Amino acid sequence: MPASWPGDPLDADALPPPVAAHLRRFRDQTPGARVVLLRRSFRAVAAPRFFLARTAERGADLREWPLAASEDLLALDLAAAAAGDGGVPVDEPLLLVCTHGRHDRCCARWGNPFYRSLAARVGDAAWQCSHIGGDRFAANLLWLPWGVFYGRLEATDLDRLVAACARREVLLDRYRGRACHPFPVQSAEYFARREWGELAADGLRLLGRRRGEDGRWAVRLAGRDGRVARVEVARRASPYCLAPTCGTRTERPVPLHDLLSFEELAAREQEPP
C-alpha cells in the first residue's frame, strides 16, 4: 500500500483508480462496511494483500485473498466475499494501529510510537492502518476479527493487551466497544461487562434495543451464562470541551453516555427490550 495515505484512503493517489472505485462501490452499497489500508513500513511490497474481516457478535472470522497486484481485486466479488464465500482462513488475529497522520496528526503522534512498540512485541500480527475513527482517543487500535476498538493506549499497556488478546478477552479500561454495535449499544455493553465482570470478546449478545426520549436508549443484553439485563443509557454533552482532532483549535463538548439503570431480568421479563 502507499507510503503516505491521503485524507480519504480511497482517493485516486492511494490506489489505482479502478480499484479504488471498486472498493468504494462495495463500501457504499454494503451497510456497515469500511475499507482500511494497511502497511508495516514505508517500503514498497512485492505483492499487496487483501483481508476481509466479518466482525459479527458470533462467528467473527478473518480471511485473506492472495494478490499478485492490486488490480486482481477487480475480479473479486466483494459482496460474495463479505457473505462468506472464498478466501483463505486466517487463524492469527490482526492488531491494527491507526497511524493516519494526514487524516489527523494525533494518530501519527501517538499511533506511530505505539505501533513500533507493539510490532516489537507481536511481530507480524501488528499493522499500521488508515483512519478507524476516534482521533481524540489516539493511540487507537482495532483488533480483528473481533472488531474490538481500543483507545488511549500506551506502551505500558502492551503486556496486558497482548495477554488479553491471547485469552480472547477485552482490556476493559481501554475498551471502546465492538464494531458490530452502534454507539449507544457499545456504551450499554461496556456497562454490562463492568457489572458482570464479562471479558470474553464475544461474551455478550444483543437481544434488542429501543430509543426513547431525550437521547435515552434501552438495550437488552444476554450473557454466556444465560443472564439477561436491561441497560438504560443516555447521551449528554460533557461539562468539559476538547478539540475533536489535532488538526483543529475549535473545542466542542465531548459526548458521553451515562448509565441510568442496570436491571437483571427474570425469565418472564426477557421479551421486551
# chains A, B, ... in the order shown; residues from 1 in each chain; ligands from 1
$ residues_around --residues "range 75-89 of chain A" --least-positions-apart "3" --cutoff "10 Å" --atoms "only C-alpha atoms" --output "PyMOL selection string"
chain A and resi 22-23+25-27+29-30+33+50-54+61-66+71-72+92
$ residues_around --residues "Val219 in chain A" --least-positions-apart "4" --cutoff "12 Å" --atoms "only C-alpha atoms" --output "number ranges by chain"
A: 181-192, 204-212, 228-234, 259-264, 270-273
$ residues_around --residues "Asp159 in chain A" --least-positions-apart "5" --cutoff "12 Å" --atoms "only C-alpha atoms" --output "ChimeraX atom specification"
/A:117-118,120-122,153-154,164-166,171
$ write_last_selection --atoms "N, CA, C and O atoms" --output "short mmCIF file (atom, residue, chain, number, x, y, z; two decimals), in the first residue's frame"
data_model
loop_
_atom_site.label_atom_id
_atom_site.label_comp_id
_atom_site.auth_asym_id
_atom_site.auth_seq_id
_atom_site.Cartn_x
_atom_site.Cartn_y
_atom_site.Cartn_z
N SER A 117 6.24 -0.14 19.26
CA SER A 117 6.36 -0.98 20.47
C SER A 117 5.57 -2.28 20.31
O SER A 117 6.03 -3.35 20.71
N LEU A 118 4.38 -2.18 19.73
CA LEU A 118 3.55 -3.37 19.53
C LEU A 118 4.21 -4.33 18.56
O LEU A 118 4.25 -5.55 18.80
N ALA A 120 7.32 -4.70 17.89
CA ALA A 120 8.46 -5.34 18.54
C ALA A 120 8.01 -6.46 19.46
O ALA A 120 8.76 -7.42 19.71
N ARG A 121 6.77 -6.37 19.94
CA ARG A 121 6.23 -7.36 20.89
C ARG A 121 5.55 -8.52 20.18
O ARG A 121 5.72 -9.67 20.59
N VAL A 122 4.77 -8.26 19.11
CA VAL A 122 3.96 -9.32 18.50
C VAL A 122 4.33 -9.60 17.05
O VAL A 122 3.73 -10.47 16.41
N LEU A 153 -4.22 4.04 24.17
CA LEU A 153 -3.25 3.01 24.51
C LEU A 153 -1.86 3.62 24.67
O LEU A 153 -1.47 4.53 23.93
N GLU A 154 -1.11 3.08 25.62
CA GLU A 154 0.26 3.50 25.87
C GLU A 154 1.15 2.27 25.93
O GLU A 154 0.68 1.14 26.09
N ALA A 164 -4.44 -10.24 27.10
CA ALA A 164 -5.89 -10.29 26.95
C ALA A 164 -6.27 -10.84 25.58
O ALA A 164 -7.19 -11.66 25.47
N CYS A 165 -5.58 -10.40 24.53
CA CYS A 165 -5.87 -10.91 23.18
C CYS A 165 -5.63 -12.41 23.11
O CYS A 165 -6.41 -13.13 22.46
N ALA A 166 -4.58 -12.88 23.75
CA ALA A 166 -4.29 -14.32 23.73
C ALA A 166 -5.41 -15.11 24.40
O ALA A 166 -5.69 -16.26 24.01
N LEU A 171 -9.63 -5.72 27.13
CA LEU A 171 -8.97 -4.94 28.17
C LEU A 171 -9.93 -3.81 28.51
O LEU A 171 -10.02 -2.81 27.80
#
$ atom_distance --atom1 "CA of Leu94 in chain A" --atom2 "CA of Ala138 in chain A"
18.0 Å
$ select_by_dssp --residues "range 55-147 of chain A" --states "helix (DSSP H, G or I)" --output "count of residues only"
35
$ closest_residue --among "A:Leu221, A:Ala47, A:Ala125, A:Ala69" --to "Trp196 in chain A" --atoms "only C-alpha atoms"
A:Leu221
$ select_by_dssp --residues "range 97-129 of chain A" --states "strand (DSSP E or B)" --output "list in words"
Val97, Cys98, Ala126, Trp127, Gln128 and Cys129 of chain A
$ residues_around --residues "His131 in chain A" --least-positions-apart "6" --cutoff "12 Å" --atoms "only C-alpha atoms" --output "PyMOL selection string"
chain A and resi 5-10+34-38+96-108+111+138-142
$ residues_around --residues "Arg227 in chain A" --least-positions-apart "4" --cutoff "8 Å" --atoms "only C-alpha atoms" --output "list in words"
Ala222, Gly223, Glu264 and Leu265 of chain A
$ atom_distance --atom1 "CA of Arg24 in chain A" --atom2 "CA of Gly134 in chain A"
21.6 Å
$ closest_residue --among "A:Ala179, A:Gly226, A:Arg193, A:Gly123" --to "Gly32 in chain A" --atoms "only C-alpha atoms"
A:Ala179
$ residues_around --residues "Arg236 in chain A" --least-positions-apart "3" --cutoff "9 Å" --atoms "only C-alpha atoms" --output "list in words"
Gly215, Val254, Pro255, Leu256, His257 and Asp258 of chain A
$ write_last_selection --atoms "N, CA and C atoms" --output "short mmCIF file (atom, residue, chain, number, x, y, z; two decimals), in the first residue's frame"
data_model
loop_
_atom_site.label_atom_id
_atom_site.label_comp_id
_atom_site.auth_asym_id
_atom_site.auth_seq_id
_atom_site.Cartn_x
_atom_site.Cartn_y
_atom_site.Cartn_z
N GLY A 215 -32.62 11.32 24.17
CA GLY A 215 -31.37 10.60 23.94
C GLY A 215 -31.20 9.33 24.73
N VAL A 254 -17.63 17.12 24.70
CA VAL A 254 -17.41 15.70 24.40
C VAL A 254 -18.68 14.93 24.72
N PRO A 255 -19.24 14.19 23.74
CA PRO A 255 -20.46 13.43 24.04
C PRO A 255 -20.15 12.22 24.93
N LEU A 256 -21.00 11.99 25.90
CA LEU A 256 -20.85 10.87 26.82
C LEU A 256 -22.16 10.10 26.89
N HIS A 257 -22.08 8.83 27.23
CA HIS A 257 -23.27 8.05 27.54
C HIS A 257 -23.23 7.68 29.02
N ASP A 258 -24.23 8.12 29.74
CA ASP A 258 -24.35 7.81 31.17
C ASP A 258 -25.17 6.55 31.37
#
